[in-house]
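What follows is the content of target_9.cif (mmCIF, C-alpha atoms).
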data_final
#
loop_
_atom_site.label_atom_id
_atom_site.label_comp_id
_atom_site.auth_asym_id
_atom_site.auth_seq_id
_atom_site.Cartn_x
_atom_site.Cartn_y
_atom_site.Cartn_z
CA MET A 1 22.07 -69.01 33.42
CA THR A 2 19.54 -67.05 35.41
CA THR A 3 20.57 -65.14 38.52
CA PRO A 4 19.79 -66.91 41.82
CA GLY A 5 16.77 -65.30 43.44
CA GLU A 6 15.85 -63.17 40.43
CA TRP A 7 12.39 -64.77 40.17
CA GLU A 8 11.47 -64.10 43.84
CA ILE A 9 9.55 -67.36 44.07
CA ASP A 10 9.04 -66.97 47.81
CA ALA A 11 6.50 -64.24 47.00
CA VAL A 12 4.03 -66.97 45.97
CA ASP A 13 1.41 -68.10 48.49
CA LEU A 14 1.96 -71.79 47.75
CA ASP A 15 -0.76 -73.08 50.06
CA GLY A 16 -3.22 -70.52 48.71
CA TYR A 17 -2.39 -71.49 45.14
CA LEU A 18 -2.82 -75.21 45.81
CA ALA A 19 -6.16 -74.52 47.51
CA ARG A 20 -7.22 -72.43 44.51
CA ILE A 21 -6.66 -75.30 42.09
CA GLY A 22 -7.67 -78.09 44.48
CA GLN A 23 -4.31 -79.85 44.72
CA GLN A 24 -2.00 -80.98 47.52
CA ARG A 25 1.76 -80.91 47.97
CA ARG A 26 3.36 -83.97 46.37
CA PRO A 27 6.95 -84.91 45.54
CA PRO A 28 7.97 -84.06 41.98
CA SER A 29 6.93 -86.65 39.39
CA ALA A 30 5.58 -86.67 35.85
CA GLU A 31 2.19 -87.73 37.20
CA ALA A 32 2.08 -84.95 39.80
CA LEU A 33 3.14 -82.40 37.13
CA ARG A 34 0.29 -83.58 34.90
CA ASP A 35 -2.23 -83.24 37.71
CA LEU A 36 -1.01 -79.76 38.65
CA MET A 37 -1.12 -78.60 35.04
CA ARG A 38 -4.59 -79.98 34.41
CA ALA A 39 -5.93 -78.40 37.59
CA HIS A 40 -4.36 -75.03 36.81
CA VAL A 41 -5.69 -74.84 33.25
CA ARG A 42 -9.18 -75.98 34.26
CA THR A 43 -9.38 -73.56 37.20
CA ILE A 44 -7.68 -70.30 36.19
CA PRO A 45 -8.96 -68.68 32.97
CA PHE A 46 -6.82 -67.05 30.32
CA GLU A 47 -7.92 -63.42 30.14
CA ASN A 48 -6.75 -59.89 29.34
CA VAL A 49 -9.39 -57.76 31.12
CA ASP A 50 -6.81 -55.61 32.92
CA VAL A 51 -5.00 -54.89 29.64
CA VAL A 52 -8.24 -53.78 27.99
CA LEU A 53 -9.06 -51.60 31.00
CA GLU A 54 -5.49 -50.18 30.95
CA GLN A 55 -5.08 -51.08 34.62
CA HIS A 56 -2.55 -53.92 34.45
CA GLN A 57 -0.27 -53.75 37.48
CA GLY A 58 2.63 -55.75 36.03
CA ILE A 59 3.94 -59.28 36.17
CA SER A 60 5.97 -59.41 39.39
CA LEU A 61 5.02 -62.48 41.40
CA ASP A 62 3.53 -60.55 44.31
CA VAL A 63 1.14 -58.77 41.92
CA VAL A 64 0.35 -61.93 39.95
CA GLY A 65 -0.28 -63.94 43.10
CA ALA A 66 -2.58 -61.31 44.54
CA LYS A 67 -4.57 -61.32 41.30
CA LEU A 68 -4.73 -65.01 40.28
CA VAL A 69 -4.76 -66.48 43.78
CA GLY A 70 -6.00 -63.74 46.09
CA ARG A 71 -8.70 -62.27 43.84
CA GLN A 72 -9.21 -65.51 41.91
CA ARG A 73 -8.90 -63.82 38.54
CA GLY A 74 -7.10 -65.01 35.42
CA GLY A 75 -4.33 -63.60 33.30
CA TYR A 76 -2.21 -64.15 30.23
CA CYS A 77 1.02 -66.04 29.57
CA TYR A 78 3.44 -64.07 31.78
CA GLU A 79 1.04 -64.33 34.70
CA HIS A 80 0.06 -67.99 34.23
CA ASN A 81 3.49 -69.37 33.44
CA GLY A 82 5.32 -67.03 35.81
CA LEU A 83 3.14 -68.23 38.68
CA PHE A 84 3.26 -71.89 37.61
CA ALA A 85 7.06 -71.83 37.29
CA ALA A 86 7.44 -70.42 40.80
CA VAL A 87 5.02 -72.98 42.24
CA LEU A 88 6.87 -75.83 40.57
CA GLU A 89 10.23 -74.63 41.85
CA ARG A 90 8.82 -74.29 45.36
CA LEU A 91 7.71 -77.92 45.04
CA GLY A 92 11.16 -79.07 43.96
CA TYR A 93 10.95 -79.17 40.15
CA THR A 94 13.62 -77.82 37.81
CA VAL A 95 12.02 -75.26 35.48
CA HIS A 96 13.36 -73.56 32.35
CA ARG A 97 11.66 -70.26 31.46
CA LEU A 98 11.74 -69.80 27.68
CA ALA A 99 10.40 -67.54 24.96
CA ALA A 100 8.34 -68.83 22.04
CA ARG A 101 7.05 -67.54 18.75
CA VAL A 102 3.27 -67.92 18.43
CA GLN A 103 1.93 -69.15 15.08
CA PRO A 104 5.40 -69.13 13.49
CA ARG A 105 4.14 -69.60 9.93
CA ARG A 106 2.64 -66.08 9.99
CA PRO A 107 5.01 -65.32 11.85
CA GLY A 108 3.72 -64.21 15.20
CA PRO A 109 5.81 -62.26 17.71
CA TYR A 110 8.58 -63.97 19.66
CA THR A 111 7.10 -62.80 22.95
CA HIS A 112 5.29 -65.78 24.47
CA MET A 113 6.49 -67.13 27.82
CA THR A 114 6.63 -70.91 27.89
CA LEU A 115 8.08 -73.50 30.26
CA VAL A 116 10.07 -76.71 30.03
CA VAL A 117 10.23 -78.83 33.19
CA ASP A 118 12.74 -81.54 34.13
CA VAL A 119 11.24 -84.45 36.07
CA ASP A 120 11.71 -88.23 36.20
CA GLY A 121 14.74 -87.99 33.92
CA ARG A 122 12.73 -86.38 31.10
CA GLN A 123 11.85 -82.90 29.86
CA PHE A 124 8.28 -81.72 29.33
CA LEU A 125 6.74 -78.67 27.73
CA ALA A 126 4.37 -77.53 30.50
CA ASP A 127 2.70 -74.38 29.18
CA VAL A 128 -0.35 -73.33 31.21
CA GLY A 129 -0.43 -69.91 29.54
CA TYR A 130 -1.02 -70.69 25.88
CA GLY A 131 -4.58 -69.42 25.66
CA ALA A 132 -5.99 -72.31 27.70
CA GLY A 133 -5.05 -74.54 24.79
CA ILE A 134 -2.73 -77.12 26.36
CA LEU A 135 -3.99 -79.31 29.19
CA ASP A 136 -1.23 -81.91 29.67
CA PRO A 137 2.59 -81.79 29.66
CA MET A 138 4.21 -82.61 26.30
CA PRO A 139 7.34 -84.82 26.46
CA LEU A 140 10.18 -83.24 24.49
CA VAL A 141 10.48 -86.19 22.15
CA ASP A 142 10.59 -85.59 18.40
CA GLY A 143 7.30 -86.69 16.84
CA HIS A 144 5.57 -87.39 20.16
CA GLU A 145 1.80 -86.83 20.13
CA VAL A 146 -0.44 -86.06 23.10
CA ASP A 147 -4.22 -85.73 23.16
CA GLN A 148 -4.90 -82.29 24.59
CA ALA A 149 -8.47 -82.30 25.89
CA GLY A 150 -9.59 -84.02 22.68
CA TRP A 151 -7.33 -82.23 20.18
CA PRO A 152 -4.15 -84.11 19.14
CA HIS A 153 -0.93 -82.09 19.48
CA ARG A 154 2.49 -83.19 18.24
CA ILE A 155 5.94 -81.86 19.02
CA VAL A 156 8.62 -81.82 16.33
CA ARG A 157 12.32 -81.03 16.51
CA ASN A 158 14.37 -79.29 13.83
CA GLY A 159 17.92 -78.79 15.07
CA PRO A 160 17.75 -76.49 18.13
CA TRP A 161 14.12 -75.59 17.41
CA TRP A 162 11.03 -77.31 18.80
CA THR A 163 7.62 -76.80 17.18
CA LEU A 164 4.27 -77.64 18.75
CA ARG A 165 1.62 -78.54 16.19
CA LYS A 166 -2.14 -78.80 16.55
CA GLY A 167 -3.31 -80.84 13.59
CA ASP A 168 -1.65 -79.20 10.57
CA GLU A 169 -1.11 -75.87 12.33
CA ASP A 170 2.17 -74.81 13.92
CA ILE A 171 1.18 -73.03 17.11
CA LEU A 172 4.46 -72.57 19.01
CA GLU A 173 8.15 -72.50 18.10
CA PHE A 174 10.90 -72.25 20.70
CA ARG A 175 14.48 -73.07 21.63
CA LEU A 176 15.84 -74.14 25.00
CA ASP A 177 17.43 -70.74 25.67
CA GLU A 178 16.59 -69.56 29.16
CA MET A 179 15.23 -66.04 29.60
CA HIS A 180 15.77 -63.50 32.35
CA ARG A 181 13.08 -61.66 34.28
CA ILE A 182 13.80 -58.43 32.40
CA ASP A 183 13.09 -60.18 29.08
CA TYR A 184 9.51 -60.83 30.10
CA GLU A 185 9.14 -57.29 31.42
CA VAL A 186 9.99 -56.03 27.94
CA TYR A 187 7.69 -58.56 26.23
CA HIS A 188 4.87 -57.68 28.63
CA HIS A 189 5.25 -53.97 27.91
CA TYR A 190 4.83 -54.61 24.18
CA THR A 191 2.00 -57.10 24.63
CA SER A 192 0.00 -54.91 27.01
CA THR A 193 0.47 -51.53 25.28
CA HIS A 194 1.32 -51.81 21.59
CA PRO A 195 -1.63 -51.08 19.28
CA LYS A 196 -0.74 -54.10 17.12
CA SER A 197 -0.71 -56.48 20.06
CA PRO A 198 -3.54 -59.04 19.92
CA PHE A 199 -4.33 -58.25 23.56
CA THR A 200 -5.00 -54.52 23.35
CA GLY A 201 -8.35 -53.18 22.21
CA ARG A 202 -10.53 -56.27 22.62
CA LEU A 203 -11.32 -58.97 25.14
CA VAL A 204 -9.48 -62.26 24.80
CA ILE A 205 -10.79 -64.87 27.23
CA MET A 206 -10.29 -68.61 26.90
CA THR A 207 -11.07 -71.70 28.95
CA LEU A 208 -10.48 -75.39 28.35
CA GLU A 209 -12.19 -78.51 29.64
CA PRO A 210 -11.89 -82.04 28.26
CA GLY A 211 -13.69 -81.93 24.93
CA VAL A 212 -14.75 -78.27 25.15
CA SER A 213 -12.89 -75.05 24.33
CA ARG A 214 -14.53 -71.65 24.91
CA ARG A 215 -13.24 -68.37 23.50
CA LEU A 216 -14.60 -64.86 23.93
CA LEU A 217 -12.90 -62.63 21.35
CA GLY A 218 -14.36 -59.16 21.49
CA ARG A 219 -18.11 -59.79 21.60
CA GLU A 220 -18.01 -63.17 19.85
CA LEU A 221 -18.26 -66.25 22.08
CA THR A 222 -17.28 -69.51 20.39
CA VAL A 223 -17.83 -72.89 22.01
CA GLU A 224 -15.85 -75.54 20.14
CA LYS A 225 -16.06 -79.26 20.84
CA ALA A 226 -13.53 -81.95 20.13
CA ASP A 227 -16.04 -83.73 17.87
CA GLY A 228 -15.62 -80.88 15.37
CA THR A 229 -18.83 -78.99 16.13
CA SER A 230 -18.80 -75.36 17.21
CA GLU A 231 -21.27 -72.60 17.98
CA THR A 232 -20.67 -68.85 17.90
CA SER A 233 -22.90 -66.21 19.47
CA THR A 234 -22.69 -62.47 20.10
CA VAL A 235 -22.59 -61.38 23.74
CA ALA A 236 -24.58 -58.19 24.32
CA PRO A 237 -23.35 -55.68 26.95
CA ASP A 238 -26.16 -56.64 29.33
CA GLU A 239 -25.06 -60.29 29.04
CA LEU A 240 -21.40 -59.56 29.73
CA ASP A 241 -21.42 -59.99 33.51
CA ALA A 242 -23.11 -63.40 33.37
CA THR A 243 -20.85 -64.52 30.52
CA LEU A 244 -17.71 -63.51 32.38
CA LYS A 245 -18.84 -65.30 35.52
CA ASP A 246 -19.56 -68.41 33.46
CA LEU A 247 -15.98 -68.17 32.17
CA GLY A 248 -14.67 -67.93 35.73
CA ILE A 249 -14.13 -64.14 35.92
CA GLU A 250 -15.88 -61.94 38.44
CA LEU A 251 -15.21 -58.21 38.20
CA THR A 252 -15.94 -55.39 40.60
CA PRO A 253 -18.98 -53.25 39.67
CA ASP A 254 -16.63 -50.43 38.66
CA GLU A 255 -14.54 -52.72 36.45
CA LEU A 256 -17.65 -54.12 34.80
CA ASP A 257 -19.04 -50.63 34.11
CA ARG A 258 -15.75 -49.46 32.60
CA LEU A 259 -15.42 -52.62 30.51
CA LYS A 260 -18.86 -52.08 29.03
CA THR A 261 -17.83 -48.63 27.79
CA VAL A 262 -14.97 -50.09 25.71
CA TYR A 263 -16.52 -53.48 24.98
#
Please rewrite the model in this file as structure tokens.
Amino acid sequence: MTTPGEWEIDAVDLDGYLARIGQQRRPPSAEALRDLMRAHVRTIPFENVDVVLEQHQGISLDVVGAKLVGRQRGGYCYEHNGLFAAVLERLGYTVHRLAARVQPRRPGPYTHMTLVVDVDGRQFLADVGYGAGILDPMPLVDGHEVDQAGWPHRIVRNGPWWTLRKGDEDILEFRLDEMHRIDYEVYHHYTSTHPKSPFTGRLVIMTLEPGVSRRLLGRELTVEKADGTSETSTVAPDELDATLKDLGIELTPDELDRLKTVY
């Protein structure tokens, strides 16, 4: 069990957040959860600019809110799901903060923050921080499939473990063991500083719209469509500002200049 008050959810500017994603306060329901999740993923980009610039200020909710809501930037899993969990709890949902292993067949690190939400007598995986890859809540029902912006995803249970699959690929593996705030502080430290972390040393920016996924990895921008077509191009330094703005990220002139030196 988590400690009451340890998440400091009152630090979130709830009205500011809802204005940011274009939603209104509604009583908890599966439909309202779906609408909140869709609006969040489509509005707030997944990005690691502050990690690359070595200026990340941490994952406490006051810092995350000031960044994602106040400055209308994006973030990565601890920021997205930390903020979303607090918003949901403020709205009356029951939220379980979990840890997941990314790409478990490799295996990836067991450091990803994910969420399971109780509503309408059911449980849903509601992960807004998985690289802008999941648009709708996934019912925790063995074998259940959901179309995620044009890409079918299926959830499978094996004893205490749940696995989220995209096509033939296992993308997340988790158990329903609740984490504490300090757990994510440790995971964030590794993810934002370790040289083998996928988020240090190169840009990772992702957005998702129905039928279209966009990924900027380093200098390579890939636009993938649900019909199976994709296009990859190289983003030159003088194109970086316009590309970032198109992906929903606007930096200060100083940040942009510093990013170009390590880009």
Exercise for review: Quick one: pull the distance between CA of Gly74 in chain A and CA of Tyr93 in chain A, Å, one decimal.
Suggested key: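 Answer for the CA of Gly74 in chain A to CA of Tyr93 in chain A separation: 23.4 Å.
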Practice item. Please indicate the distance in Å from CA of Ala126 in chain A to CA of Thr114 in chain A, rounded to one decimal place. Key: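 Taking CA of Ala126 in chain A and CA of Thr114 in chain A, their separation equals 7.5 Å.
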Review point. Applied to this file, what does the PyMOL selection byres ((chain A and resi 234) around 12) return in terms of residues, put as a list in words?
Key: Arg215, Leu216, Leu217, Gly218, Arg219, Glu220, Leu221, Thr222, Val223, Glu231, Thr232, Ser233, Val235, Ala236, Pro237, Asp238, Glu239, Leu240, Thr243 and Tyr263 of chain A
Check your understanding: Any idea what's packed within 9 Å of Pro210 in chain A, counting all atoms listed in the file, ignoring anything in its chain fewer than 5 positions away? Could you give it as a ChimeraX atom specification?
Key -> /A:42,135,148-150,225-226
Practice item. Expand the PyMOL selection byres ((chain A and resi 60) around 12) into the individual residues it matches in the shown file, reporting them as a PyMOL selection string. Key: chain A and resi 6-12+56-59+61-67+78-83+86+181-182+184-185+188
Exercise for review: Identify, on the basis of only C-alpha atoms, every residue whose closest approach to range 99-113 of chain A does not exceed 7 Å; exclude the query and any residue fewer than 4 positions from it along the same chain; express the result as a PyMOL selection string.
Suggested key: chain A and resi 77-78+81+170-174+179+187
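Coordinates place CA of Pro253 in chain A at a distance of 20.4 Å from CA of Gly201 in chain A.
Taken over the whole file, the PyMOL selection byres ((chain A and resi 122) around 10) covers exactly Ala30, Val117, Asp118, Val119, Asp120, Gly121, Gln123, Phe124, Pro139, Leu140 and Val141 of chain A.
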Keeping only C-alpha atoms, write those residues as a PDB file, in the frame of the given file.
ATOM      1  CA  ALA A  30       5.580 -86.670  35.850  1.00  0.00           C
ATOM      2  CA  VAL A 117      10.230 -78.830  33.190  1.00  0.00           C
ATOM      3  CA  ASP A 118      12.740 -81.540  34.130  1.00  0.00           C
ATOM      4  CA  VAL A 119      11.240 -84.450  36.070  1.00  0.00           C
ATOM      5  CA  ASP A 120      11.710 -88.230  36.200  1.00  0.00           C
ATOM      6  CA  GLY A 121      14.740 -87.990  33.920  1.00  0.00           C
ATOM      7  CA  GLN A 123      11.850 -82.900  29.860  1.00  0.00           C
ATOM      8  CA  PHE A 124       8.280 -81.720  29.330  1.00  0.00           C
ATOM      9  CA  PRO A 139       7.340 -84.820  26.460  1.00  0.00           C
ATOM     10  CA  LEU A 140      10.180 -83.240  24.490  1.00  0.00           C
ATOM     11  CA  VAL A 141      10.480 -86.190  22.150  1.00  0.00           C
TER      12      VAL A 141
END
Practice item. Have a look at A:Gly211, A:Pro28, A:Gly129, A:Gly92 and name the one nearest to Ile44 in chain A; count all atoms listed in the file. Key: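 Ranking A:Gly211, A:Pro28, A:Gly129, A:Gly92 by distance to Ile44 in chain A, first place goes to A:Gly129.
Each of A:Thr191, A:Asn158, A:Ser230, A:Ser197 was compared to Arg175 in chain A using only C-alpha atoms, and A:Asn158 turns out to be the nearest.
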Polymer residues at most 9 Å from Val52 in chain A, only C-alpha atoms, same-chain spacing of 5 or more positions, as a PDB file with C-alpha atoms, in the frame of the given file:
ATOM      1  CA  SER A 192       0.000 -54.910  27.010  1.00  0.00           C
ATOM      2  CA  PHE A 199      -4.330 -58.250  23.560  1.00  0.00           C
ATOM      3  CA  THR A 200      -5.000 -54.520  23.350  1.00  0.00           C
ATOM      4  CA  GLY A 201      -8.350 -53.180  22.210  1.00  0.00           C
ATOM      5  CA  ARG A 202     -10.530 -56.270  22.620  1.00  0.00           C
ATOM      6  CA  LEU A 203     -11.320 -58.970  25.140  1.00  0.00           C
ATOM      7  CA  LEU A 259     -15.420 -52.620  30.510  1.00  0.00           C
ATOM      8  CA  VAL A 262     -14.970 -50.090  25.710  1.00  0.00           C
ATOM      9  CA  TYR A 263     -16.520 -53.480  24.980  1.00  0.00           C
TER      10      TYR A 263
END
Practice item. Excluding Ile134 in chain A and residues on its chain fewer than 2 positions from it, collect all residues at most 10 Å away from it, counting all atoms listed in the file, and give them as an MDAnalysis selection string. Key: chainID A and resid 37:38 41 125:132 136:138 146:149 151 153 166 208
Exercise for review: Rank nothing, just name the residue among A:Thr193, A:Gln72, A:Gln55, A:Thr229 nearest to Ile21 in chain A, using only C-alpha atoms.
Suggested key: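 Among the listed residues, the smallest separation from Ile21 in chain A belongs to A:Gln72.
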Exercise for review: Kindly indicate which residue among A:Met206, A:His144, A:His189, A:Val156 lies nearest to Asp246 in chain A, using only C-alpha atoms for the distances.
Suggested key: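 Ranked by minimum distance to Asp246 in chain A, first place goes to A:Met206.
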Review point. Restricting the calculation to all atoms listed in the file, which member of A:Thr261, A:Thr207, A:Thr163, A:Gln24 is positioned closest to Leu244 in chain A?
Key: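 Ranked by minimum distance to Leu244 in chain A, first place goes to A:Thr207.
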